[in-house]
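These notes concern the structure reproduced below.
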Amino acid sequence: MKTVLIVDDDTDLNLTLSSFFLHKGIRVLTAGSFSEGMEKAARKRIDLALFDYQLGDGYGDELLAEFRAIHPKAPVIIISGYEERIVSEMAKGADLFLKKPLDLNALEGWVKILTDKAERGAGEEPGAS
């Protein structure tokens, strides 16, 4: 079973996304902060990650850099209400940037594309369990 890590300080969005992914048969880990997100990323194999750009204790691009050190092949989607972040986040290695509010139909399509692409290029990641 695939596992998605959702890191967003918006509890309602975490619940909405959790329900969405669970309904698709995907295991969900949620975190409300940068530090909690890294703690969960370090303990589990992650197949997909969604990071809010602006967290209470850090930024999504910083989280992206640390996450990539642990899970270099897992697709990462940065989500934000700030469209001006698109170019910089993509340049920092995000696989996709989605603007809030999220369109769940579009998210479903992108998740399929990104996870299929990752599976085709999959290899063992350090620390995978």
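Letters A, B, ... go to the chains of the structure tokens in the order shown; residues in each chain start at 1; ligands are counted from 1 in the same order.
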- Can you list, as a ChimeraX atom specification, all residues belonging to chain A that DSSP tags as helix (DSSP H, G or I)? /A:11-23,34-43,60-70,83-91,104-120
- Task: Write out as an NGL selection string the residues lying within 12 Å of Arg68 in chain A, counting only C-alpha atoms and excluding same-chain residues fewer than 2 positions away.
- Result: :A and (38 or 41-42 or 46-49 or 60-66 or 70-76 or 92-95 or 125-126)
Sort by chain and increasing residue number a table of all residues of range 48-106 of chain A within 10 Å of range 12-25 of chain A, each with its closest pair of atoms and their distance in Å to one decimal, counting only C-alpha atoms, and write it as a tab-separated table.
residue	atom	partner	partner_atom	distance
A:Leu50	CA	A:Leu17	CA	9.6
A:Lys100	CA	A:Leu13	CA	10.0
A:Pro101	CA	A:Leu13	CA	9.4
A:Leu102	CA	A:Leu13	CA	9.3
A:Leu104	CA	A:Phe20	CA	7.9
Limited to N, CA, C and O atoms, could you put the picked residues into a file as a PDB file, in the first residue's frame?
ATOM      1  N   LEU A  50       2.895  15.883   0.236  1.00  0.00           N
ATOM      2  CA  LEU A  50       2.282  17.184  -0.023  1.00  0.00           C
ATOM      3  C   LEU A  50       2.689  18.099   1.119  1.00  0.00           C
ATOM      4  O   LEU A  50       2.413  17.797   2.288  1.00  0.00           O
ATOM      5  N   LYS A 100      -3.840  26.729  -3.535  1.00  0.00           N
ATOM      6  CA  LYS A 100      -5.028  26.567  -2.709  1.00  0.00           C
ATOM      7  C   LYS A 100      -6.072  27.578  -3.160  1.00  0.00           C
ATOM      8  O   LYS A 100      -5.712  28.678  -3.555  1.00  0.00           O
ATOM      9  N   PRO A 101      -7.338  27.273  -3.065  1.00  0.00           N
ATOM     10  CA  PRO A 101      -7.900  26.007  -2.624  1.00  0.00           C
ATOM     11  C   PRO A 101      -7.673  24.914  -3.670  1.00  0.00           C
ATOM     12  O   PRO A 101      -7.670  25.177  -4.870  1.00  0.00           O
ATOM     13  N   LEU A 102      -7.455  23.706  -3.187  1.00  0.00           N
ATOM     14  CA  LEU A 102      -7.132  22.586  -4.063  1.00  0.00           C
ATOM     15  C   LEU A 102      -8.362  22.061  -4.791  1.00  0.00           C
ATOM     16  O   LEU A 102      -9.438  21.961  -4.209  1.00  0.00           O
ATOM     17  N   LEU A 104      -9.692  18.802  -5.956  1.00  0.00           N
ATOM     18  CA  LEU A 104      -9.401  17.397  -5.680  1.00  0.00           C
ATOM     19  C   LEU A 104      -9.428  16.520  -6.929  1.00  0.00           C
ATOM     20  O   LEU A 104      -8.691  15.536  -7.008  1.00  0.00           O
TER      21      LEU A 104
END
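Here CA of Arg27 in chain A and CA of Leu98 in chain A stand 21.1 Å from one another.
In terms of minimum interatomic distance to Ser33 in chain A, A:Asp57 ranks closest within A:Asp103, A:Asp52, A:Asp10, A:Asp57, counting only C-alpha atoms.
Excluding Lys99 in chain A itself and any same-chain residue fewer than 6 positions from it, the protein and nucleic acid residues within 6 Å of it, counting only C-alpha atoms, are Ile79, Ser80 and Gly81 of chain A.
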- Message: Env of Gly32 in chain A: 8 Å cut, atoms = only C-alpha atoms, seq-sep filter 2 positions within chain, self excluded. Answer as a VMD selection string.
- Response: chain A and resid 7 to 11 30 34 36 to 37 55
- CA of Ile77 in chain A to CA of Asp116 in chain A, straight-line distance in Å: 14.5 Å
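For chain A, the set of residues given strand (DSSP E or B) by DSSP on the backbone reads Thr3, Val4, Leu5, Ile6, Val7, Arg27, Val28, Leu29, Thr30, Ala31, Leu48, Ala49, Leu50, Phe51, Asp52, Gln54, Leu55, Gly58, Tyr59, Val76, Ile77, Ile78, Ile79, Ser80, Leu96, Phe97, Leu98 and Lys99 of chain A.
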